[in-house]
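Peer 1: Take this structure first; my questions come after.
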Amino acid sequence: MKLAFFSTQAYDRQYFDRYNSTNEIAYFDAPLQEQTTNLADGAEAVCVFVNDQVNAVVINALSEKGVRLILLRCAGFNNVDVQAAKEKGIQIARVPEYSPHAVAEHTVALILTLNRKTHKAYNRVREGNFSLLNLSGFDLYRKTAGVIGLGKIGKVYAEIMLGFGCKVLGYDIIKHPDLEARGVSSVSLDELFAQSDIITLHCPLTEQTRHLINAGTIDKMKSGVMLINTGRGALIDAPAVIEGLKKGKIGYLGLDVYEQEDKLFFRDLSADIIKDDTIMRLMSFPNVLITAHQAFFTDEALTEITKVTLKNIDDYQLGTLSTTLVN
Ligand code: NAI
C-alpha cells in the first residue's frame with residue numbers, strides 16, 4: 001500500500017523501515033494539516049500522530065485524493081474528526097495499547113523527580129555544590145494518590161502506587177471491580193480532589209474532560225497538592241493552574257502534555273524565541289517539571305506502535321480490520 005507518513009521523527013523511520021517489507025512509505029517531516037494535504041497525492045493511506053490536525057477540511061481533501069485509511073500511531077484520537085471520516089467512508093485505525101507501562105512509569109518518574117528533586121541535585125553536584133538546602137521531599141508511603149481514569153494506564157499506575165504503600169483513590173465513569181479488589185477505593189471526583197496528595201490524569205480528552213482541572217476544581221484540592229498530567233494537554237486549564245501555583249495551592253506540577261503542544265513539542269526550538277507566554281510562565285516555576293510528550297517513548301512502545309500499525313494495513317487490505325478501528 002502507498003502510505004503518506006506525517007510528522008516523521010528519525011526514530012519513526014528507524015522502526016518502520018525495520019519492520020515494513022510490503023508497503024511503499026513516503027516519509028514527511030511536516031505535520032498533516034490543511035496546508036500539507038498535497039503531500040498525500042497518490043497515497044491510499046495516511047499515517048499520523050498525536051498533533052496532526054485531521055479535521056473535516058483535511059479529511060475532505062484526503063478523500064478527494066483517494067485516501068481510504070487513516071492510521072494513527074497512537075491510542076488517543078481527539079485530533080481526528082471521526083464523523084467527517086465516516087461520512088467520507090474513510091476508516092480510522094489506531095494502536096489502542098502499546099505500552100501502558102511506559103506511560104505509567106513515566107508518570108511515576110515525574111512524581112519522584114518533582115518530589116526528591118533529583119534533577120536539581122544532578123546539576124548541583126556536577127558544579128561541586130553538595131548542599132542539601134531546599135532539596136527535601138516527602139515519603140510516598142501512606143500518602144493518598146488520586147487516579148482519574150482507571151483504564152489501561154491508570155490501572156498500571158494505581159498498582160505501582162499501591163506498591164509504594166500509598167492509599168489509592170480512583171475515579172472513572174465506569175466501574176472497575178478488579179481494581180477495587182486490589183485495594184483501590186472508588187470515590188467521587190470531589191472526594192478525590194479533597195483527599196489526594198497526588199492527583200494524576202489518565203482519562204481521554206473528551207468534551208466532558210476538557211479543562212477538567214480548572215479554577216473551580218483546583219479550589220477543591222488540598223493545599224500543596226501534586227498534580228501530574230500525562231494524559232492530554234487540554235485536560236488542564238493552564239492559566240488556572242498558573243494561578244494555583246502562584247497561590248501555593250498547587251505545590252508541584254508535572255506535565256508531559258500541553259494544550260498548545262502542537263506548536264512546540266517534537267522539535268528543537270532552543271535557538272528560537274518562544275512566543276507562547278503560558279508555557280514560558282509554567283517553565284519559570286521551580287516546582288514545575290515539563291517533559292515533551294515522552295511518556296510513551298520506550299523501545300517496547302515504539303516496536304508495538306510499528307507492528308500494530310503495519311498489521312492494521314494488512315487487516316484493512318484483507319477486510320478484517322476490526323478491534324483497532326475507531327469508526
Ligand atoms: P483507556 O481507554 O484504557 O482508559 C481511559 C479510562 O478513562 C477508561 O477507563 C474510561 O472509562 C475513563 N474515562 C473516560 N471518560 C472519563 C471521565 N470523564 N472521567 C474519568 N474517567 C474517564 O486509555 P489508556 O490507554 O489508559 O490511555 C489514557 C489516556 O492517556 C489516552 O486517552 C491518552 O490521551 C493518554 N496517553 C498519553 C500518552 C503519552 O505519551 N503522554 C501515551 C498514551 C496515552
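Letters A, B, ... go to the chains of the C-alpha cells in the order shown; residues in each chain start at 1; ligands are counted from 1 in the same order.
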Pick out the residues sitting within 6 Å of Gly254 in chain A, and hand them over as a list in words; count only C-alpha atoms, and ignore anything fewer than 4 positions along from it in its own chain.
Peer 2: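 After dropping sequence-adjacent residues, the list is Leu110, Ile228, Val288, Leu289 and Ile290 of chain A.
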Peer 1: Enumerate the residues of range 231-315 of chain A with a DSSP assignment of helix (DSSP H, G or I), computed from the backbone, and present them as a ChimeraX atom specification.
Peer 2: /A:233-235,238-247,261-263,277-284,299-315
Peer 1: At a cut-off of 7 Å, can you tabulate as CSV every residue of chain A near ligand 1 together with its closest atom pair and the distance in Å to one decimal, using only C-alpha atoms and all ligand atoms and ordering rows by chain then number?
Peer 2:
residue,atom,partner,partner_atom_place_in_ligand_line,distance
A:Cys74,CA,ligand 1,43 (C),6.7
A:Ala75,CA,ligand 1,44 (C),5.9
A:Gly76,CA,ligand 1,32 (O),4.7
A:Pro96,CA,ligand 1,25 (O),6.6
A:Glu97,CA,ligand 1,25 (O),5.8
A:Pro100,CA,ligand 1,25 (O),6.1
A:Val103,CA,ligand 1,42 (C),5.8
A:Ile148,CA,ligand 1,20 (C),5.3
A:Gly149,CA,ligand 1,7 (O),3.7
A:Leu150,CA,ligand 1,9 (O),4.5
A:Gly151,CA,ligand 1,4 (O),3.2
A:Lys152,CA,ligand 1,26 (O),3.8
A:Ile153,CA,ligand 1,26 (O),3.7
A:Gly154,CA,ligand 1,26 (O),5.5
A:Tyr171,CA,ligand 1,20 (C),5.7
A:Asp172,CA,ligand 1,21 (N),3.7
A:Ile173,CA,ligand 1,21 (N),5.0
A:Ile174,CA,ligand 1,11 (O),5.1
A:His202,CA,ligand 1,28 (C),4.6
A:Cys203,CA,ligand 1,7 (O),3.6
A:Pro204,CA,ligand 1,32 (O),3.3
A:Leu205,CA,ligand 1,34 (O),5.9
A:Gln208,CA,ligand 1,18 (N),5.3
A:Thr209,CA,ligand 1,18 (N),5.1
A:Thr230,CA,ligand 1,41 (N),4.4
A:Gly231,CA,ligand 1,35 (C),3.8
A:Arg232,CA,ligand 1,34 (O),4.8
A:Asp256,CA,ligand 1,41 (N),5.7
A:Val257,CA,ligand 1,41 (N),6.1
A:His293,CA,ligand 1,41 (N),5.1
A:Gln294,CA,ligand 1,40 (O),5.3
A:Ala295,CA,ligand 1,40 (O),4.0
A:Phe296,CA,ligand 1,40 (O),3.9
A:Phe297,CA,ligand 1,40 (O),6.9
Peer 1: My list of candidates is A:Ala40, A:Ala4, A:Leu245, A:Leu71. Which is closest to Ile25 in chain A when distances are computed with only C-alpha atoms?
Peer 2: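 Smallest separation from Ile25 in chain A among the options: A:Ala4.
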Peer 1: I'd like the contact shell of Phe285 in chain A - 10 Å cut-off, only C-alpha atoms, skipping same-chain residues fewer than 5 positions apart - returned as an mmCIF file with C-alpha atoms, in the first residue's frame.
Peer 2:
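Output file selection.cif is given in full below:
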data_model
loop_
_atom_site.group_PDB
_atom_site.id
_atom_site.type_symbol
_atom_site.label_atom_id
_atom_site.label_comp_id
_atom_site.auth_asym_id
_atom_site.auth_seq_id
_atom_site.Cartn_x
_atom_site.Cartn_y
_atom_site.Cartn_z
ATOM 1 C CA ILE A 242 -0.606 29.035 36.935
ATOM 2 C CA LEU A 245 0.884 27.626 41.553
ATOM 3 C CA LYS A 246 1.204 31.335 42.367
ATOM 4 C CA TYR A 252 4.108 20.561 42.432
ATOM 5 C CA LEU A 253 3.170 20.280 38.769
ATOM 6 C CA MET A 280 7.238 30.146 29.455
#
Peer 1: Using only C-alpha atoms, pick whichever of A:Glu304, A:Asn38, A:Thr113, A:Ser7 has the shortest atom-to-atom distance to Leu135 in chain A.
Peer 2: A:Thr113
Peer 1: When DSSP is applied to the backbone of this structure, which of range 236-284 of chain A are assigned strand (DSSP E)? Write them out as an MDAnalysis selection string.
Peer 2: chainID A and resid 250:255
Peer 1: Quick one: of A:Glu34, A:Glu300, A:Glu64, A:Glu105, who's nearest to Lys88 in chain A, counting only C-alpha atoms?
Peer 2: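 Closest candidate: A:Glu64.
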Peer 1: Would you mind telling me which residue in A:Ile273, A:Thr303, A:Leu32, A:Glu44 lies nearest to Asn79 in chain A when using only C-alpha atoms?
Peer 2: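 Answer, going by the shortest atom-to-atom distance: A:Leu32.
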Peer 1: As an exercise, work out the distance from CA of Lys220 in chain A to CA of Leu255 in chain A in Å and give it to one decimal place.
Peer 2: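 CA of Leu255 in chain A lies at a distance of 20.2 Å from CA of Lys220 in chain A.
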Peer 1: As an exercise, work out the distance from CA of Asp12 in chain A to CA of Thr309 in chain A in Å and give it to one decimal place.
Peer 2: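 Interatomic distance here is 11.6 Å.
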Peer 1: Could you work out how far CA of Phe77 in chain A lies from CA of Tyr19 in chain A, giving the answer in Å with one decimal?
Peer 2: 24.0 Å
Peer 1: Just the residues within 12 Å of Gly163 in chain A, please, counting only C-alpha atoms, with nothing from its chain fewer than 2 positions along; format it as a compact mmCIF listing (two decimals) with N, CA and C atoms, in the first residue's frame.
Peer 2:
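Contents of selection-v5.txt, freshly written:
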# COMPACT_ATOMS: atom_id res chain seq x y z
N VAL A 108 5.29 8.09 37.21
CA VAL A 108 5.98 7.91 38.49
C VAL A 108 7.34 8.62 38.46
N LEU A 140 6.50 8.82 49.96
CA LEU A 140 5.26 8.45 49.25
C LEU A 140 4.42 7.51 50.12
N TYR A 141 5.10 6.73 50.94
CA TYR A 141 4.45 5.78 51.83
C TYR A 141 3.33 6.46 52.63
N ARG A 142 2.16 5.89 52.58
CA ARG A 142 0.96 6.37 53.30
C ARG A 142 0.36 7.68 52.75
N LYS A 143 0.90 8.19 51.64
CA LYS A 143 0.24 9.35 51.03
C LYS A 143 -0.95 8.85 50.20
N ALA A 145 -2.93 8.81 46.74
CA ALA A 145 -2.79 9.05 45.30
C ALA A 145 -4.17 8.98 44.66
N VAL A 156 -2.27 0.37 35.66
CA VAL A 156 -0.85 0.05 35.93
C VAL A 156 -0.29 1.03 36.95
N TYR A 157 -0.62 2.31 36.76
CA TYR A 157 -0.13 3.35 37.68
C TYR A 157 -0.65 3.09 39.11
N ALA A 158 -1.95 2.75 39.23
CA ALA A 158 -2.54 2.50 40.55
C ALA A 158 -1.80 1.36 41.25
N GLU A 159 -1.46 0.33 40.48
CA GLU A 159 -0.76 -0.82 41.09
C GLU A 159 0.64 -0.42 41.55
N ILE A 160 1.33 0.42 40.78
CA ILE A 160 2.67 0.88 41.19
C ILE A 160 2.55 1.66 42.51
N MET A 161 1.54 2.53 42.59
CA MET A 161 1.41 3.37 43.80
C MET A 161 1.00 2.53 45.01
N GLY A 165 3.02 1.75 48.94
CA GLY A 165 2.33 1.85 50.23
C GLY A 165 1.40 3.04 50.30
N CYS A 166 1.00 3.54 49.14
CA CYS A 166 0.06 4.67 49.11
C CYS A 166 -1.38 4.17 49.29
N LYS A 167 -2.23 5.06 49.78
CA LYS A 167 -3.67 4.82 49.72
C LYS A 167 -4.09 5.29 48.32
N VAL A 168 -4.75 4.45 47.55
CA VAL A 168 -5.08 4.84 46.17
C VAL A 168 -6.59 5.03 46.01
N ARG A 182 -8.23 -5.09 44.55
CA ARG A 182 -6.80 -4.97 44.87
C ARG A 182 -6.51 -3.84 45.85
N GLY A 183 -7.56 -3.08 46.23
CA GLY A 183 -7.35 -2.05 47.25
C GLY A 183 -7.49 -0.62 46.77
N VAL A 184 -7.95 -0.44 45.53
CA VAL A 184 -8.18 0.93 45.04
C VAL A 184 -9.61 1.33 45.43
